[in-house]
Every structure is written in structure tokens, then in C-alpha cells.
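Trainee: Contents of upload_29.txt (compact mmCIF, C-alpha atoms) are given next:
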```txt
# COMPACT_ATOMS: atom_id res chain seq x y z
CA MET A 1 107.80 151.03 80.36
CA ALA A 2 106.90 147.57 79.07
CA ASN A 3 108.31 145.90 75.97
CA PRO A 4 105.97 144.35 73.40
CA SER A 5 106.45 140.65 72.74
CA GLU A 6 108.11 139.84 69.43
CA LYS A 7 105.89 139.03 66.50
CA ALA A 8 106.46 138.51 62.79
CA ASP A 9 106.80 141.89 61.07
CA THR A 10 103.57 141.57 59.09
CA ILE A 11 101.59 140.59 62.20
CA ALA A 12 103.10 143.43 64.25
CA GLU A 13 102.30 145.94 61.48
CA TYR A 14 98.72 144.72 61.22
CA LEU A 15 98.17 144.87 64.99
CA ASP A 16 99.65 148.37 65.09
CA GLN A 17 97.29 149.49 62.33
CA ILE A 18 94.17 148.28 64.10
CA THR A 19 95.08 148.66 67.79
CA ASN A 20 98.20 150.86 68.17
CA ARG A 21 99.61 147.90 70.16
CA THR A 22 103.32 148.77 70.17
CA GLU A 23 102.79 152.40 71.16
CA ALA A 24 100.26 151.46 73.84
CA ILE A 25 102.53 148.85 75.42
CA THR A 26 105.64 151.04 75.40
CA GLN A 27 103.64 153.82 77.04
CA ASP A 28 102.04 151.48 79.61
CA SER A 29 98.55 152.03 78.24
CA CYS A 30 95.82 149.68 77.17
CA VAL A 31 95.13 149.51 73.43
CA THR A 32 92.47 151.91 72.21
CA PRO A 33 88.76 151.17 71.79
CA PRO A 34 87.07 149.14 70.48
CA PHE A 35 89.71 146.52 71.38
CA GLY A 36 90.73 147.91 74.78
CA CYS A 37 89.88 150.86 77.00
CA GLY A 38 92.89 153.12 76.31
CA ARG A 39 93.57 153.75 80.02
CA GLN A 40 96.87 153.41 81.87
CA ALA A 41 98.04 149.84 82.39
CA MET A 42 100.30 149.82 85.44
CA GLU A 43 98.86 147.25 87.85
CA PHE A 44 98.48 143.56 87.11
CA ARG A 45 97.22 140.69 89.22
CA ASP A 46 100.17 138.40 88.50
CA ASP A 47 103.08 137.68 86.16
CA ALA A 48 100.81 135.88 83.68
CA SER A 49 98.66 139.02 83.35
CA ARG A 50 101.78 141.17 82.94
CA ARG A 51 103.00 138.84 80.16
CA GLU A 52 99.57 138.97 78.49
CA PHE A 53 99.84 142.76 78.44
CA ALA A 54 103.14 142.46 76.52
CA ILE A 55 101.41 140.15 74.04
CA SER A 56 98.05 141.85 73.55
CA GLY A 57 98.33 145.34 75.02
CA LEU A 58 95.29 144.75 77.22
CA CYS A 59 95.21 146.15 80.77
CA GLN A 60 94.07 144.01 83.71
CA TYR A 61 90.52 145.36 83.50
CA CYS A 62 90.19 144.46 79.80
CA GLN A 63 91.85 141.09 80.31
CA ASP A 64 89.30 140.30 83.01
CA ILE A 65 86.45 141.18 80.64
CA ILE A 66 87.82 139.27 77.66
CA PHE A 67 88.99 136.21 79.55
CA ASP A 68 86.00 136.33 81.94
CA SER A 69 88.18 136.19 85.06
```
Could you render the structure from this file as C-alpha cells?
Mentor:
Amino acid sequence: MANPSEKADTIAEYLDQITNRTEAITQDSCVTPPFGCGRQAMEFRDDASRREFAISGLCQYCQDIIFDS
């Protein structure tokens, strides 16, 4: 189980309202559509991708699409 990165309370609340970020990260899932795919997020290419998951809640697949990797 991953831990979400710390954010200001108002930012965290907003992100949770639109993406279910905290729940997704703690359950090792990508955030739900339309922001992510909602699938399991267990495998990452490297530590930077794993850290990005804790920040954004995006799995490796969605990170690759968004960051055009």
C-alpha cells in the first residue's frame, strides 16, 4: 500500500473530490477516469515513477501517456 504525498488540506480535498486520489493511492490503484484509468498500480519503471504515483495517483501506463514517455 502506497502513501499519498502530503499536500495542503484544501488541495488534497479538491483532488479527492475530482479524482479520488487518496483512496486510489492507498489502494494501489490509478485514479479514476477521466484523469486516470482506474486499474491496479503495482509496477513502476523506476523510483521516479513510483514517487509520481504518490503525488498524482497515476499508474505507469497513464504516466507514460501524460508525460509522453
Trainee: Within 10 Å of Ile25 (chain A), counting only C-alpha atoms, which residues qualify if same-chain residues fewer than 4 places away don't, as a VMD selection string?
Mentor: chain A and resid 1 to 5 20 to 21 29 to 31 40 to 41 53 to 59
Trainee: Interatomic distance between CA of Ala24 (chain A) and CA of Arg39 (chain A)?
Mentor: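 Calculated distance between CA of Ala24 (chain A) and CA of Arg39 (chain A) is 9.4 Å.
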Trainee: Hey, what's within 12 Å of Asp64 (chain A) if we count only C-alpha atoms and toss same-chain stuff fewer than 4 positions away? As a VMD selection string, please?
Mentor: chain A and resid 36 44 to 45 49 52 to 53 58 to 60 68 to 69
Trainee: Figure out the distance between CA of Cys62 (chain A) and CA of Glu23 (chain A), please, to one decimal in Å.
Mentor: 17.2 Å
Trainee: So how far away is CA of Phe35 (chain A) from CA of Gln17 (chain A), in Å?
Mentor: 12.2 Å
Trainee: Edge lengths and centre, in Å to one decimal, as AutoDock Vina command-line options: that's what I need for the box along x, y and z that holds all listed atoms of region 37-45 of chain A plus 6 Å on each side.
Mentor:
```
--center_x 95.1 --center_y 147.2 --center_z 82.8 --size_x 22.4 --size_y 25.1 --size_z 24.9
```
Trainee: Taking into account all atoms listed in the file, which residue in the set A:Ile66, A:Tyr61, A:Ile18, A:Glu13 is nearest to Cys37 (chain A)?
Mentor: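 Result for the nearest residue to Cys37 (chain A): A:Tyr61.
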